[in-house]
Every structure is written in structure tokens, then in C-alpha cells.
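Written below as C-alpha cells is the structure these notes are about.
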Amino acid sequence: MARPRIIIADTDVNYILSLQLKFVEEFFEKIDLEIITDRNYFEKMFESPQRADVLIVSEDLYDLSIQKHNIGNVFLMTEKNEEEQTADLNVTRIFKYTSIKEIFNEILGKSASVLNLECNVKQETQIILVYSASGGTGKTTVALGLCKVLANNYKKVLYINASRIQYFQRLLENKTPISSTDIYTKLAIANDKIYENIKHIIRNEDFSYMPPFKAPLMSLGLQYSVYKKLALSAKQTKEYDFIIIDADEAFDEDKAELINIADKVMIITGQSKTDVYATNILASYINGIKSEKYAFICNDFDKGYDNALISPSLMLNFSVSEYIEHISNLEDMTCEDISREKGIQKIAYWVL
């Protein structure tokens, strides 16, 4: 059976990229997607008969001659937010400066039959563990930046900071901890429905997150296993595309449990001898470290300093998948700022 043919035509290259990315994410290898940014190429192509299931075209490229072609659904991207009709009643006018999410949803809603959306089963929630063998590698910065990138790509994300002492809130707008004693009581006796029981306190800043605790786990009488229970309970609800667990560096039975339940594990290292040595030891403890489940990321990379990852004196048990370059003004950055870093965006593609 032939795959649906989708054509996106707009001379504005920067605008078209976001819409292209959204189609690739949702329908990778399920559609034939063509991107046209050259006016002459577009006009030349439509000099001969064309068949397509969906044509998304900018106002400056559209003309009535497109009616002669076998196009199932035409979406005309307009510069003005007006409900003016075109001569072709089969054309849907969309204001192009609406959010990409709204535009994409409208296109899908009116093209469901040709895109076979009834067969497009929602992917099961994935748990992504962000972990490190040593402190100070910027693991939390990476985890929160990843959450923001995924949210910007229209994924529903839940962030759980799995630290015994939490200070991740420094990068968020709402820094206030959970104050309700009732919530801590529920967490202390957590069962497989714990997420449903405390769901009302979940906060959202583009992505959802479990608010910080007001004291260390030990002081609150909570077991580290509460993080595993929260993640698995949230996964059962199928409310999220991704659950990001940001774990502290201690390697113990609880951490092994988190590694076990994770669909993917992202291990953050630095380039220093200490960081690399610690990561190498950790890699030797984990079975299946060479599988696609694991990715090693070098964060805060600075080419001006020695890189122990390429030292000939150390035989590595792992290989680095991506480098995230040093961010000079990190202390003043928000999650949105961090999400724009190229290295953060690249690791998001591995998750996606």
C-alpha cells in the first residue's frame, strides 16, 4: 500500500523547518514527505499533473491552477488572520503565525483518513534515566534542558528529581517546596497508585514536574524507592510520552532498580580524569552497557582543556555519543535558554 504523499511548500526556510520536524516525528517512515522552498522548482513541478494527499502551501506560491491537480487536502498558509474564502472550496486557510502545534493538529484533524491516523497507535510511555557516576557533571542541567526540548516538540513530559537532597528548583520559576504533611504521609506509604493520589500537586512549566521536597528524604521518613514507585505509577496512567528521572550519583540497589525500569539510560560525564575514571568504573558494573539502551554524554566540554576521554593511558569501557559544549553564562540561564543549546537538542533526538 502506497504511503501518503505530503508536500510542504514555502519559501520561508526557517518557518518550514518546525512543521517539517513535527511531521517527521509523528509519521517517520509512514509518509512520503516533500519539502519545497524554491519558487521556480515549485512552479515547474506543477506544470505536469501531480497527485498528493496533502499540500501545505504558502499564500505567495498558491494559485487557482492547483485545482487542476489531484490533491486530497490543500492547506493555504496565510499572512493575515482573516476568514476570507478562496475560489477553491476544498482549500483550508490557516493563519501561519498560529502555533505550530495548533497548525499541525488542524491539518491532522482534516486529513485523518488519508494519514491513516486510526492505525497510528500511541507509543507507550518511556522512562528515561539521567545518571552520572560523579557529582558536578551538570546532570540536572542536562535533564531539565532535555525536558524542555521534548516539550517544545509537543511531547508530554514528567520530570522527577530522584535526589536525596533536592536543589533542582533553582532552574525553575516556582521554587517553593511541597508543604502539605498529607502529601508526605502518602509518599511514605506509597503503593502502585501513588501518582494518582498526589497528582493534584504536579506543577507545569511547559513540562510537568514533581515539586521539590522541603527536606532530605531521611528527614521526611521517605525511602529512596519512592521515586521508582512514582515513575511506574505515572507510567501506568499513560498521560506522558516521557518520564525523565534525574537520579543522584550514588550507585546502590535502588539505583540499579531505576536502571532496570528505564527504557533508556543517559549517563553524563565530564572530560576530567576524575569524571572519566568514575564513569569507566560505573560502566564496568552495568550489564549490556554496549546496547542501544545506554548513551554516554560528555557535558560541559571545553576543547581548551585536557580531554581524558581520549587519553591513551585509559582503556574505556564506554564510548561517548555526544558532546555538550561549555555554557559560559549558565548561572543566568533558564530551561528555555538551555534547551536551545545544540548538544541538548541532539540528545533529544536520541530519545525521540
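Within each chain, counting starts at residue 1; across the C-alpha cells, chains are named A, B, ... in the order shown, with ligands numbered 1 upward in that order.
Shell of A:Gly288 at 12 Å, with only C-alpha atoms counted and residues fewer than 6 places along the chain excluded, is A:Ile259, A:Asn260, A:Lys264, A:Val265, A:Tyr294, A:Ala295, A:Asn317, A:Phe318.
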Long-range neighbours of A:Tyr97 as a list of chain:residue names, 9 Å cut-off, only C-alpha atoms, 2 positions minimum in chain
A:Met77, A:Thr78, A:Glu79, A:Lys80, A:Asn81, A:Ile94, A:Phe95, A:Ser99, A:Ile100, A:Ile103
Given the selection you just returned, output its residues as a file containing all heavy atoms, formatted as a CSV table (one decimal), in the first residue's frame.
chain,number,residue,atom,x,y,z
A,77,MET,N,-1.5,28.6,3.8
A,77,MET,CA,-0.9,29.3,4.9
A,77,MET,C,-0.9,30.8,4.6
A,77,MET,O,-0.2,31.2,3.7
A,77,MET,CB,0.5,28.8,5.2
A,77,MET,CG,0.7,27.3,5.3
A,77,MET,SD,-0.4,26.6,6.6
A,77,MET,CE,0.5,27.2,8.0
A,78,THR,N,-1.7,31.5,5.3
A,78,THR,CA,-1.9,33.0,5.0
A,78,THR,C,-1.1,33.8,6.0
A,78,THR,O,-0.9,33.5,7.2
A,78,THR,CB,-3.4,33.3,5.1
A,78,THR,OG1,-3.9,33.1,6.4
A,78,THR,CG2,-4.2,32.4,4.1
A,79,GLU,N,-0.8,35.0,5.5
A,79,GLU,CA,0.0,36.0,6.4
A,79,GLU,C,-1.0,36.8,7.3
A,79,GLU,O,-0.5,37.4,8.3
A,79,GLU,CB,0.7,37.0,5.4
A,79,GLU,CG,1.8,36.3,4.6
A,79,GLU,CD,3.1,36.1,5.4
A,79,GLU,OE1,3.2,36.7,6.4
A,79,GLU,OE2,3.9,35.3,4.9
A,80,LYS,N,-2.3,36.9,6.9
A,80,LYS,CA,-3.2,37.6,7.7
A,80,LYS,C,-4.3,36.7,8.3
A,80,LYS,O,-4.7,35.8,7.6
A,80,LYS,CB,-3.9,38.7,6.8
A,80,LYS,CG,-3.0,39.7,6.3
A,80,LYS,CD,-3.7,40.8,5.4
A,80,LYS,CE,-2.8,41.8,4.9
A,80,LYS,NZ,-3.5,42.8,4.1
A,81,ASN,N,-4.7,37.0,9.5
A,81,ASN,CA,-5.6,36.2,10.2
A,81,ASN,C,-7.0,36.6,9.8
A,81,ASN,O,-7.8,37.2,10.6
A,81,ASN,CB,-5.4,36.3,11.7
A,81,ASN,CG,-6.2,35.2,12.5
A,81,ASN,OD1,-6.7,34.3,11.9
A,81,ASN,ND2,-6.2,35.4,13.8
A,94,ILE,N,-5.2,28.7,6.8
A,94,ILE,CA,-4.7,28.7,8.1
A,94,ILE,C,-3.7,29.8,8.3
A,94,ILE,O,-2.8,30.1,7.5
A,94,ILE,CB,-3.9,27.3,8.4
A,94,ILE,CG1,-4.8,26.1,8.3
A,94,ILE,CG2,-3.2,27.4,9.8
A,94,ILE,CD1,-4.2,24.8,8.5
A,95,PHE,N,-3.9,30.6,9.4
A,95,PHE,CA,-3.0,31.7,9.7
A,95,PHE,C,-1.7,31.1,10.1
A,95,PHE,O,-1.6,30.4,11.1
A,95,PHE,CB,-3.6,32.5,10.9
A,95,PHE,CG,-2.8,33.7,11.3
A,95,PHE,CD1,-2.2,34.6,10.3
A,95,PHE,CD2,-2.5,33.9,12.6
A,95,PHE,CE1,-1.5,35.6,10.7
A,95,PHE,CE2,-1.7,35.0,13.0
A,95,PHE,CZ,-1.2,35.9,12.1
A,99,SER,N,0.5,28.9,16.5
A,99,SER,CA,1.5,28.0,17.0
A,99,SER,C,1.6,26.8,16.0
A,99,SER,O,0.5,26.4,15.5
A,99,SER,CB,1.2,27.5,18.4
A,99,SER,OG,0.1,26.6,18.4
A,100,ILE,N,2.8,26.2,15.9
A,100,ILE,CA,2.9,25.1,15.0
A,100,ILE,C,2.1,23.9,15.5
A,100,ILE,O,1.5,23.1,14.8
A,100,ILE,CB,4.4,24.6,15.0
A,100,ILE,CG1,5.3,25.7,14.3
A,100,ILE,CG2,4.6,23.3,14.4
A,100,ILE,CD1,4.9,25.8,12.8
A,103,ILE,N,-1.5,24.4,14.3
A,103,ILE,CA,-1.5,24.2,12.8
A,103,ILE,C,-1.4,22.7,12.5
A,103,ILE,O,-2.2,22.2,11.7
A,103,ILE,CB,-0.3,24.9,12.1
A,103,ILE,CG1,-0.5,26.5,12.2
A,103,ILE,CG2,-0.2,24.5,10.7
A,103,ILE,CD1,0.7,27.3,11.7
With only C-alpha atoms as the atoms that count, which of A:Asp63, A:Arg170, A:Asp246, A:Pro312 lies nearest to A:Leu146?
A:Asp246
Give me the residues within 12 Å of A:Glu253 as a ChimeraX atom specification, counting only C-alpha atoms and dropping any in the same chain fewer than 4 places off.
/A:224-225,228,257-260
Near A:Cys298, within 12 Å and counting only C-alpha atoms, which residues show up once chain neighbours fewer than 2 positions away are dropped, as a CSV table (one decimal) with N, CA, C and O atoms, in the first residue's frame?
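As written to disk, around.csv reads:
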chain,number,residue,atom,x,y,z
A,132,SER,N,24.7,9.8,36.6
A,132,SER,CA,26.1,10.2,36.5
A,132,SER,C,26.9,9.4,37.6
A,132,SER,O,26.4,9.1,38.6
A,137,THR,N,28.7,17.1,37.2
A,137,THR,CA,28.8,16.9,35.8
A,137,THR,C,27.7,17.7,35.0
A,137,THR,O,27.7,17.7,33.8
A,138,GLY,N,26.8,18.3,35.8
A,138,GLY,CA,25.7,19.1,35.1
A,138,GLY,C,24.6,18.2,34.7
A,138,GLY,O,23.8,18.5,33.8
A,139,LYS,N,24.4,17.1,35.4
A,139,LYS,CA,23.4,16.1,35.1
A,139,LYS,C,22.0,16.7,35.1
A,139,LYS,O,21.2,16.5,34.2
A,142,VAL,N,21.3,19.1,32.2
A,142,VAL,CA,21.0,18.3,31.0
A,142,VAL,C,19.6,17.8,31.0
A,142,VAL,O,18.8,17.9,30.1
A,266,MET,N,20.7,7.6,30.1
A,266,MET,CA,21.7,8.6,29.7
A,266,MET,C,22.7,8.9,30.8
A,266,MET,O,22.3,9.4,31.9
A,267,ILE,N,23.9,8.5,30.6
A,267,ILE,CA,25.0,8.7,31.6
A,267,ILE,C,25.8,9.9,31.3
A,267,ILE,O,26.5,9.9,30.2
A,268,ILE,N,25.9,10.9,32.2
A,268,ILE,CA,26.6,12.1,32.0
A,268,ILE,C,28.0,12.0,32.6
A,268,ILE,O,28.1,11.6,33.7
A,269,THR,N,28.9,12.5,31.8
A,269,THR,CA,30.3,12.5,32.3
A,269,THR,C,30.9,13.9,32.0
A,269,THR,O,30.4,14.6,31.1
A,270,GLY,N,32.0,14.2,32.7
A,270,GLY,CA,32.8,15.3,32.3
A,270,GLY,C,34.0,14.9,31.6
A,270,GLY,O,34.2,13.7,31.3
A,271,GLN,N,34.9,15.8,31.2
A,271,GLN,CA,36.1,15.4,30.5
A,271,GLN,C,37.4,15.3,31.4
A,271,GLN,O,38.4,14.8,30.9
A,272,SER,N,37.2,15.6,32.7
A,272,SER,CA,38.3,15.5,33.6
A,272,SER,C,38.7,14.0,33.9
A,272,SER,O,37.9,13.1,33.7
A,275,ASP,N,36.3,12.4,36.5
A,275,ASP,CA,35.0,12.1,36.0
A,275,ASP,C,35.0,10.9,35.1
A,275,ASP,O,34.2,10.0,35.1
A,276,VAL,N,36.0,10.9,34.2
A,276,VAL,CA,36.1,9.8,33.2
A,276,VAL,C,36.5,8.5,33.9
A,276,VAL,O,35.9,7.4,33.6
A,279,THR,N,33.3,7.3,35.6
A,279,THR,CA,32.3,6.7,34.6
A,279,THR,C,32.8,5.4,34.1
A,279,THR,O,31.9,4.5,33.9
A,295,ALA,N,23.4,5.6,26.6
A,295,ALA,CA,24.1,6.7,25.8
A,295,ALA,C,25.0,7.4,26.8
A,295,ALA,O,24.5,7.8,27.9
A,296,PHE,N,26.2,7.6,26.5
A,296,PHE,CA,27.2,8.4,27.3
A,296,PHE,C,27.4,9.8,26.7
A,296,PHE,O,27.7,9.9,25.5
A,300,ASP,N,29.5,19.9,29.4
A,300,ASP,CA,30.4,21.0,29.8
A,300,ASP,C,31.8,20.8,29.2
A,300,ASP,O,32.9,21.1,29.8
A,301,PHE,N,31.8,20.4,27.9
A,301,PHE,CA,33.1,20.1,27.2
A,301,PHE,C,33.7,21.4,26.8
A,301,PHE,O,33.1,22.4,26.3
A,302,ASP,N,35.0,21.5,27.1
A,302,ASP,CA,35.8,22.7,26.7
A,302,ASP,C,37.1,22.2,26.0
A,302,ASP,O,37.9,21.6,26.6
A,303,LYS,N,37.2,22.5,24.7
A,303,LYS,CA,38.3,22.0,24.0
A,303,LYS,C,39.6,22.6,24.4
A,303,LYS,O,40.7,22.2,24.0
A,307,ASN,N,41.3,16.5,27.6
A,307,ASN,CA,40.1,15.6,27.5
A,307,ASN,C,40.6,14.2,27.8
A,307,ASN,O,41.1,13.5,27.0
A,308,ALA,N,40.3,13.8,29.0
A,308,ALA,CA,40.7,12.4,29.5
A,308,ALA,C,39.9,11.3,28.7
A,308,ALA,O,40.4,10.2,28.8
A,309,LEU,N,38.9,11.7,28.0
A,309,LEU,CA,38.1,10.7,27.2
A,309,LEU,C,39.0,10.1,26.1
A,309,LEU,O,38.6,9.0,25.6
A,310,ILE,N,40.0,10.9,25.7
A,310,ILE,CA,40.8,10.4,24.6
A,310,ILE,C,42.2,10.1,25.0
A,310,ILE,O,43.1,9.9,24.2
A,318,PHE,N,33.3,2.3,27.6
A,318,PHE,CA,32.2,3.0,27.0
A,318,PHE,C,32.7,3.9,25.9
A,318,PHE,O,33.9,4.2,25.8
A,319,SER,N,31.8,4.4,25.1
A,319,SER,CA,32.1,5.4,24.1
A,319,SER,C,31.1,6.5,24.2
A,319,SER,O,29.9,6.3,24.4
A,320,VAL,N,31.6,7.7,23.9
A,320,VAL,CA,30.7,8.9,24.1
A,320,VAL,C,29.9,9.1,22.8
A,320,VAL,O,30.4,9.1,21.7
A,321,SER,N,28.6,9.3,23.0
A,321,SER,CA,27.7,9.5,21.9
A,321,SER,C,27.6,11.0,21.5
A,321,SER,O,27.4,11.3,20.3
A,322,GLU,N,27.7,11.9,22.4
A,322,GLU,CA,27.5,13.3,22.1
A,322,GLU,C,28.3,14.2,23.1
A,322,GLU,O,28.5,13.8,24.3
A,323,TYR,N,28.8,15.3,22.6
A,323,TYR,CA,29.5,16.3,23.5
A,323,TYR,C,28.6,17.6,23.6
A,323,TYR,O,28.0,18.0,22.6
A,324,ILE,N,28.4,18.0,24.8
A,324,ILE,CA,27.6,19.3,25.0
A,324,ILE,C,28.7,20.3,25.4
A,324,ILE,O,29.3,20.2,26.5
A,325,GLU,N,28.8,21.3,24.7
A,325,GLU,CA,29.9,22.3,24.9
A,325,GLU,C,29.6,23.2,26.1
A,325,GLU,O,28.5,23.3,26.6
A,326,HIS,N,30.7,23.7,26.7
A,326,HIS,CA,30.6,24.5,27.9
A,326,HIS,C,29.7,25.7,27.7
A,326,HIS,O,29.8,26.4,26.6
A,343,GLY,N,23.9,20.8,21.7
A,343,GLY,CA,24.2,19.4,22.2
A,343,GLY,C,22.9,18.9,22.9
A,343,GLY,O,22.6,17.7,22.8
A,344,ILE,N,22.2,19.7,23.6
A,344,ILE,CA,20.9,19.3,24.3
A,344,ILE,C,19.9,18.8,23.2
A,344,ILE,O,19.2,17.8,23.4
A,347,ILE,N,20.8,15.3,21.9
A,347,ILE,CA,20.5,14.2,22.7
A,347,ILE,C,19.0,13.9,22.8
A,347,ILE,O,18.5,12.8,23.0
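Distance annotation: of A:Thr125, A:Asn287, A:Ser328, A:Ser180, the residue with the minimal separation from A:Ile198 is A:Ser180; atom set is only C-alpha atoms.
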Distance query A:Leu232 at most 12 Å, only C-alpha atoms, self and fewer than 5 positions along chain excluded, as a VMD selection string:
chain A and resid 125 to 128 158 160 190 to 196 225 to 227 237 to 240 242 to 245 257 to 258 260 to 263
I need the residues of stretch 196-326 of chain A that end up classed as strand (DSSP E) by DSSP on the backbone, written out as a VMD selection string.
chain A and resid 203 to 205 207 to 209 242 to 247 264 to 269 294 to 301 320 to 325
